[in-house]
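Pasting work-v9.cif here (mmCIF, C-alpha atoms):
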data_model
#
loop_
_atom_site.group_PDB
_atom_site.id
_atom_site.type_symbol
_atom_site.label_atom_id
_atom_site.label_comp_id
_atom_site.auth_asym_id
_atom_site.auth_seq_id
_atom_site.Cartn_x
_atom_site.Cartn_y
_atom_site.Cartn_z
ATOM 1 C CA MET A 389 -2.485 3.160 -78.039
ATOM 2 C CA LYS A 390 -3.280 5.757 -75.410
ATOM 3 C CA ARG A 391 -6.867 4.537 -75.263
ATOM 4 C CA VAL A 392 -5.707 0.954 -74.718
ATOM 5 C CA PHE A 393 -3.308 2.024 -71.965
ATOM 6 C CA LEU A 394 -6.021 4.092 -70.286
ATOM 7 C CA LEU A 395 -8.469 1.178 -70.429
ATOM 8 C CA VAL A 396 -5.931 -1.186 -68.859
ATOM 9 C CA ALA A 397 -5.070 1.361 -66.166
ATOM 10 C CA LEU A 398 -8.736 1.909 -65.308
ATOM 11 C CA THR A 399 -9.366 -1.849 -65.153
ATOM 12 C CA LEU A 400 -6.403 -2.434 -62.843
ATOM 13 C CA SER A 401 -7.437 0.489 -60.664
ATOM 14 C CA ALA A 402 -11.000 -0.808 -60.361
ATOM 15 C CA THR A 403 -9.778 -4.317 -59.550
ATOM 16 C CA PHE A 404 -7.416 -3.005 -56.881
ATOM 17 C CA SER A 405 -10.112 -0.790 -55.376
ATOM 18 C CA PHE A 406 -12.560 -3.710 -55.245
ATOM 19 C CA ALA A 407 -10.012 -6.002 -53.597
ATOM 20 C CA GLN A 408 -9.020 -3.328 -51.115
ATOM 21 C CA GLY A 409 -12.652 -2.548 -50.333
ATOM 22 C CA LYS A 410 -13.417 -6.227 -49.850
ATOM 23 C CA ALA A 411 -10.526 -6.592 -47.396
ATOM 24 C CA ASP A 412 -11.736 -3.557 -45.456
ATOM 25 C CA THR A 413 -15.298 -4.814 -45.025
ATOM 26 C CA LYS A 414 -16.758 -5.014 -41.547
ATOM 27 C CA ALA A 415 -16.340 -8.328 -39.793
ATOM 28 C CA SER A 416 -19.319 -10.228 -38.455
ATOM 29 C CA LEU A 417 -20.129 -13.514 -36.801
ATOM 30 C CA GLN A 418 -23.317 -15.520 -37.183
ATOM 31 C CA LEU A 419 -24.112 -18.340 -34.804
ATOM 32 C CA VAL A 420 -25.661 -21.069 -36.943
ATOM 33 C CA ARG A 421 -26.173 -23.581 -34.102
ATOM 34 C CA ASN A 422 -23.999 -25.097 -31.368
ATOM 35 C CA ALA A 423 -20.378 -24.296 -32.384
ATOM 36 C CA THR A 424 -21.159 -23.803 -36.073
ATOM 37 C CA LEU A 425 -20.286 -20.245 -37.071
ATOM 38 C CA ILE A 426 -20.223 -18.155 -40.206
ATOM 39 C CA ILE A 427 -17.521 -15.519 -39.898
ATOM 40 C CA GLU A 428 -17.307 -12.733 -42.482
ATOM 41 C CA TYR A 429 -13.706 -11.616 -42.165
ATOM 42 C CA ALA A 430 -11.439 -9.557 -44.437
ATOM 43 C CA GLY A 431 -13.876 -10.102 -47.287
ATOM 44 C CA GLN A 432 -13.929 -13.898 -46.840
ATOM 45 C CA LYS A 433 -16.788 -16.160 -45.789
ATOM 46 C CA ILE A 434 -15.449 -18.668 -43.265
ATOM 47 C CA LEU A 435 -17.494 -21.584 -41.942
ATOM 48 C CA VAL A 436 -16.364 -22.964 -38.578
ATOM 49 C CA ASP A 437 -17.207 -26.452 -37.240
ATOM 50 C CA PRO A 438 -20.137 -27.323 -39.502
ATOM 51 C CA MET A 439 -22.794 -29.522 -37.886
ATOM 52 C CA LEU A 440 -25.494 -29.569 -40.560
ATOM 53 C CA SER A 441 -27.694 -32.519 -39.527
ATOM 54 C CA PRO A 442 -31.404 -31.993 -38.966
ATOM 55 C CA LYS A 443 -32.795 -32.331 -35.450
ATOM 56 C CA GLY A 444 -32.175 -35.873 -34.165
ATOM 57 C CA GLY A 445 -29.828 -36.650 -37.048
ATOM 58 C CA PHE A 446 -27.251 -38.560 -35.018
ATOM 59 C CA GLN A 447 -26.719 -40.360 -31.728
ATOM 60 C CA SER A 448 -27.376 -39.182 -28.194
ATOM 61 C CA PHE A 449 -24.317 -38.327 -26.097
ATOM 62 C CA ALA A 450 -26.016 -38.539 -22.704
ATOM 63 C CA GLY A 451 -28.829 -41.008 -23.261
ATOM 64 C CA ILE A 452 -31.448 -38.253 -23.079
ATOM 65 C CA GLU A 453 -32.373 -37.612 -26.719
ATOM 66 C CA ARG A 454 -30.801 -37.772 -30.158
ATOM 67 C CA ASN A 455 -28.671 -34.900 -31.352
ATOM 68 C CA PRO A 456 -28.888 -32.157 -32.424
ATOM 69 C CA THR A 457 -31.779 -31.317 -30.111
ATOM 70 C CA VAL A 458 -32.909 -28.321 -32.200
ATOM 71 C CA GLU A 459 -33.349 -27.639 -35.902
ATOM 72 C CA LEU A 460 -31.268 -25.246 -37.970
ATOM 73 C CA LYS A 461 -32.720 -21.744 -38.286
ATOM 74 C CA MET A 462 -31.665 -21.402 -41.935
ATOM 75 C CA PRO A 463 -31.389 -23.612 -45.018
ATOM 76 C CA VAL A 464 -28.162 -25.583 -45.390
ATOM 77 C CA SER A 465 -27.773 -24.061 -48.865
ATOM 78 C CA GLU A 466 -27.594 -20.597 -47.297
ATOM 79 C CA ILE A 467 -24.893 -21.744 -44.875
ATOM 80 C CA THR A 468 -22.684 -23.266 -47.570
ATOM 81 C CA LYS A 469 -23.258 -20.750 -50.370
ATOM 82 C CA GLY A 470 -20.173 -18.800 -51.431
ATOM 83 C CA LEU A 471 -17.802 -20.344 -48.906
ATOM 84 C CA ASP A 472 -14.158 -19.332 -49.091
ATOM 85 C CA LEU A 473 -12.844 -21.447 -46.210
ATOM 86 C CA VAL A 474 -13.935 -24.115 -43.741
ATOM 87 C CA MET A 475 -12.139 -24.371 -40.397
ATOM 88 C CA VAL A 476 -12.570 -27.438 -38.182
ATOM 89 C CA THR A 477 -11.306 -27.436 -34.592
ATOM 90 C CA HIS A 478 -11.733 -31.235 -34.351
ATOM 91 C CA SER A 479 -13.752 -33.972 -36.022
ATOM 92 C CA HIS A 480 -16.284 -34.924 -33.328
ATOM 93 C CA PRO A 481 -19.738 -35.154 -34.952
ATOM 94 C CA ASP A 482 -21.033 -32.036 -33.196
ATOM 95 C CA HIS A 483 -18.274 -30.098 -34.990
ATOM 96 C CA PHE A 484 -18.105 -31.916 -38.307
ATOM 97 C CA ASP A 485 -20.895 -34.378 -38.970
ATOM 98 C CA GLU A 486 -21.801 -36.751 -41.790
ATOM 99 C CA ALA A 487 -24.194 -34.169 -43.207
ATOM 100 C CA ALA A 488 -21.358 -31.639 -43.491
ATOM 101 C CA SER A 489 -19.127 -34.166 -45.226
ATOM 102 C CA LYS A 490 -21.851 -35.017 -47.741
ATOM 103 C CA THR A 491 -22.969 -31.414 -48.329
ATOM 104 C CA LEU A 492 -19.705 -29.485 -48.608
ATOM 105 C CA ASP A 493 -17.880 -29.311 -51.920
ATOM 106 C CA LYS A 494 -14.940 -31.716 -51.658
ATOM 107 C CA SER A 495 -12.719 -29.075 -53.274
ATOM 108 C CA VAL A 496 -13.434 -26.385 -50.669
ATOM 109 C CA GLN A 497 -10.407 -24.956 -48.881
ATOM 110 C CA LEU A 498 -10.371 -26.544 -45.426
ATOM 111 C CA ILE A 499 -8.051 -26.090 -42.435
ATOM 112 C CA ASN A 500 -7.846 -28.819 -39.800
ATOM 113 C CA GLN A 501 -5.674 -29.871 -36.867
ATOM 114 C CA PRO A 502 -2.864 -32.471 -37.184
ATOM 115 C CA ALA A 503 -4.878 -35.122 -35.334
ATOM 116 C CA ASP A 504 -7.516 -35.033 -38.098
ATOM 117 C CA ARG A 505 -5.218 -35.269 -41.121
ATOM 118 C CA ASP A 506 -6.243 -38.848 -41.958
ATOM 119 C CA PHE A 507 -9.932 -38.165 -41.231
ATOM 120 C CA PHE A 508 -10.258 -35.482 -43.902
ATOM 121 C CA LYS A 509 -8.159 -37.447 -46.365
ATOM 122 C CA LYS A 510 -10.545 -40.384 -45.905
ATOM 123 C CA GLU A 511 -13.553 -38.064 -46.309
ATOM 124 C CA GLY A 512 -12.168 -37.009 -49.693
ATOM 125 C CA PHE A 513 -11.501 -33.299 -49.157
ATOM 126 C CA ILE A 514 -8.806 -32.631 -51.729
ATOM 127 C CA ASN A 515 -7.929 -29.144 -50.427
ATOM 128 C CA ALA A 516 -7.818 -29.993 -46.740
ATOM 129 C CA GLU A 517 -4.724 -28.499 -45.130
ATOM 130 C CA THR A 518 -3.333 -29.635 -41.813
ATOM 131 C CA LEU A 519 -2.180 -26.641 -39.807
ATOM 132 C CA ASP A 520 0.614 -27.351 -37.361
ATOM 133 C CA ASN A 521 1.254 -23.802 -36.191
ATOM 134 C CA SER A 522 0.311 -20.884 -38.432
ATOM 135 C CA ARG A 523 -0.002 -19.705 -41.993
ATOM 136 C CA VAL A 524 -1.223 -16.735 -44.003
ATOM 137 C CA TRP A 525 -4.275 -17.386 -46.162
ATOM 138 C CA ASN A 526 -5.674 -14.579 -48.352
ATOM 139 C CA ASP A 527 -3.971 -11.959 -46.157
ATOM 140 C CA ILE A 528 -5.423 -13.523 -43.007
ATOM 141 C CA SER A 529 -3.001 -14.910 -40.433
ATOM 142 C CA VAL A 530 -4.376 -18.162 -39.040
ATOM 143 C CA HIS A 531 -2.744 -19.477 -35.868
ATOM 144 C CA ARG A 532 -3.619 -22.864 -34.391
ATOM 145 C CA VAL A 533 -3.510 -23.199 -30.603
ATOM 146 C CA GLU A 534 -3.974 -26.241 -28.394
ATOM 147 C CA ALA A 535 -7.220 -26.848 -26.515
ATOM 148 C CA GLN A 536 -7.799 -29.264 -23.628
ATOM 149 C CA HIS A 537 -11.054 -31.213 -23.950
ATOM 150 C CA GLY A 538 -11.288 -32.409 -20.324
ATOM 151 C CA THR A 539 -8.871 -33.887 -17.789
ATOM 152 C CA GLY A 540 -7.528 -37.296 -16.765
ATOM 153 C CA GLU A 541 -9.259 -40.349 -18.223
ATOM 154 C CA VAL A 542 -11.897 -38.178 -19.848
ATOM 155 C CA LEU A 543 -9.248 -36.260 -21.782
ATOM 156 C CA LYS A 544 -7.898 -39.549 -23.160
ATOM 157 C CA MET A 545 -11.398 -40.424 -24.304
ATOM 158 C CA MET A 546 -12.014 -37.056 -25.962
ATOM 159 C CA GLY A 547 -8.720 -36.808 -27.840
ATOM 160 C CA LYS A 548 -7.018 -33.805 -29.398
ATOM 161 C CA THR A 549 -8.797 -30.513 -30.007
ATOM 162 C CA SER A 550 -7.609 -27.127 -31.213
ATOM 163 C CA GLY A 551 -8.503 -23.468 -31.357
ATOM 164 C CA PHE A 552 -7.679 -20.802 -33.938
ATOM 165 C CA VAL A 553 -6.671 -17.141 -33.824
ATOM 166 C CA LEU A 554 -7.495 -14.935 -36.829
ATOM 167 C CA LYS A 555 -5.608 -11.707 -37.510
ATOM 168 C CA ALA A 556 -5.764 -9.367 -40.509
ATOM 169 C CA LYS A 557 -5.186 -5.719 -41.378
ATOM 170 C CA ASN A 558 -8.110 -3.455 -40.418
ATOM 171 C CA GLN A 559 -9.888 -6.408 -38.815
ATOM 172 C CA PRO A 560 -10.469 -7.366 -35.174
ATOM 173 C CA THR A 561 -8.378 -10.222 -33.811
ATOM 174 C CA ILE A 562 -10.596 -13.230 -33.105
ATOM 175 C CA TYR A 563 -9.708 -16.128 -30.811
ATOM 176 C CA ILE A 564 -11.842 -19.239 -31.417
ATOM 177 C CA VAL A 565 -11.143 -21.289 -28.286
ATOM 178 C CA GLY A 566 -12.708 -24.563 -29.477
ATOM 179 C CA ASP A 567 -13.828 -27.404 -27.216
ATOM 180 C CA ALA A 568 -11.853 -26.769 -24.046
ATOM 181 C CA ILE A 569 -11.898 -26.358 -20.312
ATOM 182 C CA TRP A 570 -10.324 -23.288 -18.707
ATOM 183 C CA THR A 571 -6.537 -23.673 -18.493
ATOM 184 C CA GLU A 572 -3.412 -21.589 -18.014
ATOM 185 C CA GLU A 573 -2.649 -22.149 -21.710
ATOM 186 C CA ILE A 574 -5.796 -20.279 -22.696
ATOM 187 C CA LYS A 575 -4.819 -17.438 -20.371
ATOM 188 C CA LYS A 576 -1.377 -17.325 -22.035
ATOM 189 C CA THR A 577 -2.946 -17.302 -25.500
ATOM 190 C CA ILE A 578 -5.113 -14.322 -24.538
ATOM 191 C CA LYS A 579 -2.080 -12.435 -23.247
ATOM 192 C CA GLU A 580 -0.029 -13.280 -26.348
ATOM 193 C CA TYR A 581 -2.560 -12.368 -29.051
ATOM 194 C CA LYS A 582 -4.625 -9.751 -27.177
ATOM 195 C CA PRO A 583 -7.820 -10.624 -29.079
ATOM 196 C CA ASP A 584 -10.684 -8.217 -29.602
ATOM 197 C CA TYR A 585 -13.170 -11.108 -29.500
ATOM 198 C CA ILE A 586 -13.009 -14.491 -27.803
ATOM 199 C CA ILE A 587 -15.459 -17.184 -28.917
ATOM 200 C CA VAL A 588 -15.872 -19.734 -26.152
ATOM 201 C CA ASN A 589 -17.740 -23.045 -26.135
ATOM 202 C CA SER A 590 -19.636 -22.739 -22.858
ATOM 203 C CA GLY A 591 -21.927 -25.761 -22.910
ATOM 204 C CA GLY A 592 -20.640 -27.320 -19.678
ATOM 205 C CA ALA A 593 -20.816 -30.734 -21.359
ATOM 206 C CA VAL A 594 -20.055 -33.942 -19.465
ATOM 207 C CA VAL A 595 -19.554 -37.599 -20.342
ATOM 208 C CA PRO A 596 -22.042 -39.972 -18.628
ATOM 209 C CA GLY A 597 -20.352 -41.565 -15.627
ATOM 210 C CA PHE A 598 -17.869 -38.679 -15.368
ATOM 211 C CA GLU A 599 -20.259 -35.903 -14.357
ATOM 212 C CA LYS A 600 -17.665 -34.218 -12.125
ATOM 213 C CA THR A 601 -15.207 -33.852 -15.011
ATOM 214 C CA PRO A 602 -16.501 -31.285 -17.529
ATOM 215 C CA ILE A 603 -15.257 -31.416 -21.099
ATOM 216 C CA LEU A 604 -16.342 -27.841 -21.878
ATOM 217 C CA MET A 605 -16.328 -24.644 -19.885
ATOM 218 C CA ASP A 606 -19.385 -24.281 -17.663
ATOM 219 C CA GLU A 607 -20.740 -21.125 -16.001
ATOM 220 C CA ASP A 608 -17.873 -20.813 -13.489
ATOM 221 C CA GLN A 609 -15.091 -21.519 -15.983
ATOM 222 C CA THR A 610 -16.581 -19.092 -18.504
ATOM 223 C CA MET A 611 -16.608 -16.397 -15.821
ATOM 224 C CA ALA A 612 -12.938 -17.173 -15.105
ATOM 225 C CA LEU A 613 -12.195 -16.627 -18.795
ATOM 226 C CA VAL A 614 -14.164 -13.376 -18.833
ATOM 227 C CA LYS A 615 -12.145 -12.163 -15.844
ATOM 228 C CA GLU A 616 -8.883 -12.767 -17.757
ATOM 229 C CA SER A 617 -10.149 -11.614 -21.151
ATOM 230 C CA GLY A 618 -8.595 -8.157 -21.089
ATOM 231 C CA LYS A 619 -10.080 -5.809 -23.692
ATOM 232 C CA ALA A 620 -11.858 -8.634 -25.489
ATOM 233 C CA LYS A 621 -15.576 -9.104 -25.770
ATOM 234 C CA VAL A 622 -16.509 -12.715 -25.086
ATOM 235 C CA ILE A 623 -19.020 -14.533 -27.303
ATOM 236 C CA ALA A 624 -20.387 -17.718 -25.718
ATOM 237 C CA VAL A 625 -21.746 -20.525 -27.936
ATOM 238 C CA HIS A 626 -22.170 -24.347 -27.905
ATOM 239 C CA MET A 627 -25.355 -24.274 -25.813
ATOM 240 C CA ASN A 628 -28.983 -25.420 -26.153
ATOM 241 C CA ALA A 629 -28.276 -27.878 -28.982
ATOM 242 C CA LEU A 630 -26.847 -31.130 -27.531
ATOM 243 C CA ASP A 631 -28.130 -33.474 -24.865
ATOM 244 C CA HIS A 632 -24.875 -33.662 -22.860
ATOM 245 C CA CYS A 633 -24.528 -29.884 -22.430
ATOM 246 C CA ARG A 634 -25.682 -28.747 -18.989
ATOM 247 C CA THR A 635 -24.956 -25.040 -19.249
ATOM 248 C CA THR A 636 -27.680 -23.112 -21.052
ATOM 249 C CA ARG A 637 -27.882 -19.565 -22.330
ATOM 250 C CA GLU A 638 -30.206 -18.778 -19.454
ATOM 251 C CA SER A 639 -27.981 -20.219 -16.716
ATOM 252 C CA LEU A 640 -24.895 -18.531 -18.173
ATOM 253 C CA ARG A 641 -26.600 -15.137 -18.327
ATOM 254 C CA GLN A 642 -27.863 -15.511 -14.765
ATOM 255 C CA LYS A 643 -24.331 -16.300 -13.580
ATOM 256 C CA ALA A 644 -22.952 -13.275 -15.433
ATOM 257 C CA GLU A 645 -25.600 -10.979 -13.974
ATOM 258 C CA SER A 646 -24.814 -12.192 -10.467
ATOM 259 C CA LEU A 647 -21.239 -10.972 -11.059
ATOM 260 C CA ASN A 648 -22.316 -7.709 -12.708
ATOM 261 C CA ILE A 649 -21.007 -8.820 -16.107
ATOM 262 C CA GLY A 650 -23.130 -7.081 -18.708
ATOM 263 C CA VAL A 651 -24.163 -7.807 -22.279
ATOM 264 C CA ASP A 652 -21.494 -5.413 -23.506
ATOM 265 C CA LYS A 653 -18.823 -7.801 -22.195
ATOM 266 C CA LEU A 654 -20.434 -11.227 -22.548
ATOM 267 C CA ILE A 655 -22.468 -11.791 -25.703
ATOM 268 C CA ILE A 656 -24.694 -14.884 -25.806
ATOM 269 C CA PRO A 657 -26.219 -15.065 -29.296
ATOM 270 C CA GLN A 658 -29.284 -17.037 -30.286
ATOM 271 C CA ASP A 659 -29.199 -19.502 -33.180
ATOM 272 C CA GLY A 660 -29.161 -17.554 -36.434
ATOM 273 C CA GLU A 661 -28.182 -14.279 -34.753
ATOM 274 C CA VAL A 662 -25.556 -12.066 -36.401
ATOM 275 C CA VAL A 663 -23.049 -10.195 -34.228
ATOM 276 C CA LYS A 664 -21.262 -7.244 -35.857
ATOM 277 C CA LEU A 665 -17.608 -7.201 -34.843
#

Rendering of file as structure tokens:
Amino acid sequence: MKRVFLLVALTLSATFSFAQGKADTKASLQLVRNATLIIEYAGQKILVDPMLSPKGGFQSFAGIERNPTVELKMPVSEITKGLDLVMVTHSHPDHFDEAASKTLDKSVQLINQPADRDFFKKEGFINAETLDNSRVWNDISVHRVEAQHGTGEVLKMMGKTSGFVLKAKNQPTIYIVGDAIWTEEIKKTIKEYKPDYIIVNSGGAVVPGFEKTPILMDEDQTMALVKESGKAKVIAVHMNALDHCRTTRESLRQKAESLNIGVDKLIIPQDGEVVKL
């Protein structure tokens, strides 16, 4: 009887130690391409805004060339292997494309914004959850925040978008801004959550015919965010992959350097690059 009790105790202890160790693992972020991210966080593999099409897999946005304009740097199987959660800020094809819908397991846990409830139901994702405000998932607090994808008539065309804030014990707080222009609401979100990392979509994208109305932060708006980012390191993505994005990694870095903003404050990863958090 003692041997049985000891065996059970050792098994439970090992299980607890493994779970605790997994939760305490170092966080990291890998830029797949555009806004597609793999975030290792509190022992979970989280895929954000999967755009998995090959180069030229879907339509042009600016009449220049078909999108995406570059190939993936890794196999799709590597991106989707061992996923614990998929998070989608909105259902535009550069954030969730047909390839993602066909490739991902329809039973994967997925978190989406209220505006996309019907979209994911139609796509057949049986574990898609619409997040209105916040919830705790596997000891990770997930908070949804509003994002503004342009202004005026352009905003009506672009529709609803969201961002997410991730918080967990022994993990950095991460604010995924999503497709947005710089607004007072983003400034308030930074002050409220005090993130350690802010992931910003800095492509400076425009809609043809509305070139003076950006739908994403450009160089100047990204610098405004950096100025208000507090202790956070800013990670800029959503560049060099779509034909309607005017801000490039090169132009953003040049703007940062002109303002003496270094690589320790503004991180601009290449496709496939892993950033330890």

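Once Glu459 in chain A and its same-chain neighbours fewer than 5 positions away are set aside, Arg421, Ser441, Pro442, Lys443, Gly444 and Ala629 of chain A remain within 9 Å of it when counting all atoms listed in the file.
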
### Task
Name every residue that the PyMOL selection byres ((chain A and resi 548) around 12) selects in this structure, writing the answer as a PyMOL selection string with chains first and numbers rising.
chain A and resi 477-480+500-505+533-539+542-547+549-551+566-568+603

Kindly list the centre and edge lengths in Å, rounded to one decimal, for the axis-aligned box that covers all listed atoms of range 555-560 of chain A plus 4 Å on each of its six sides, as JSON.
{"center_x": -7.8, "center_y": -7.6, "center_z": -38.3, "size_x": 13.3, "size_y": 16.3, "size_z": 14.2}

### Query
Do you know which residues are at most 9 Å from Met439 in chain A counting all atoms listed in the file, after dropping those on the same chain fewer than 3 positions away, and could you put them as a ChimeraX atom specification?
/A:420-424,456,481-488

### Task
Work out how far CA of Leu665 in chain A is from CA of Lys575 in chain A, in Å to one decimal.
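Between CA of Lys575 in chain A and CA of Leu665 in chain A the gap works out to 21.9 Å.
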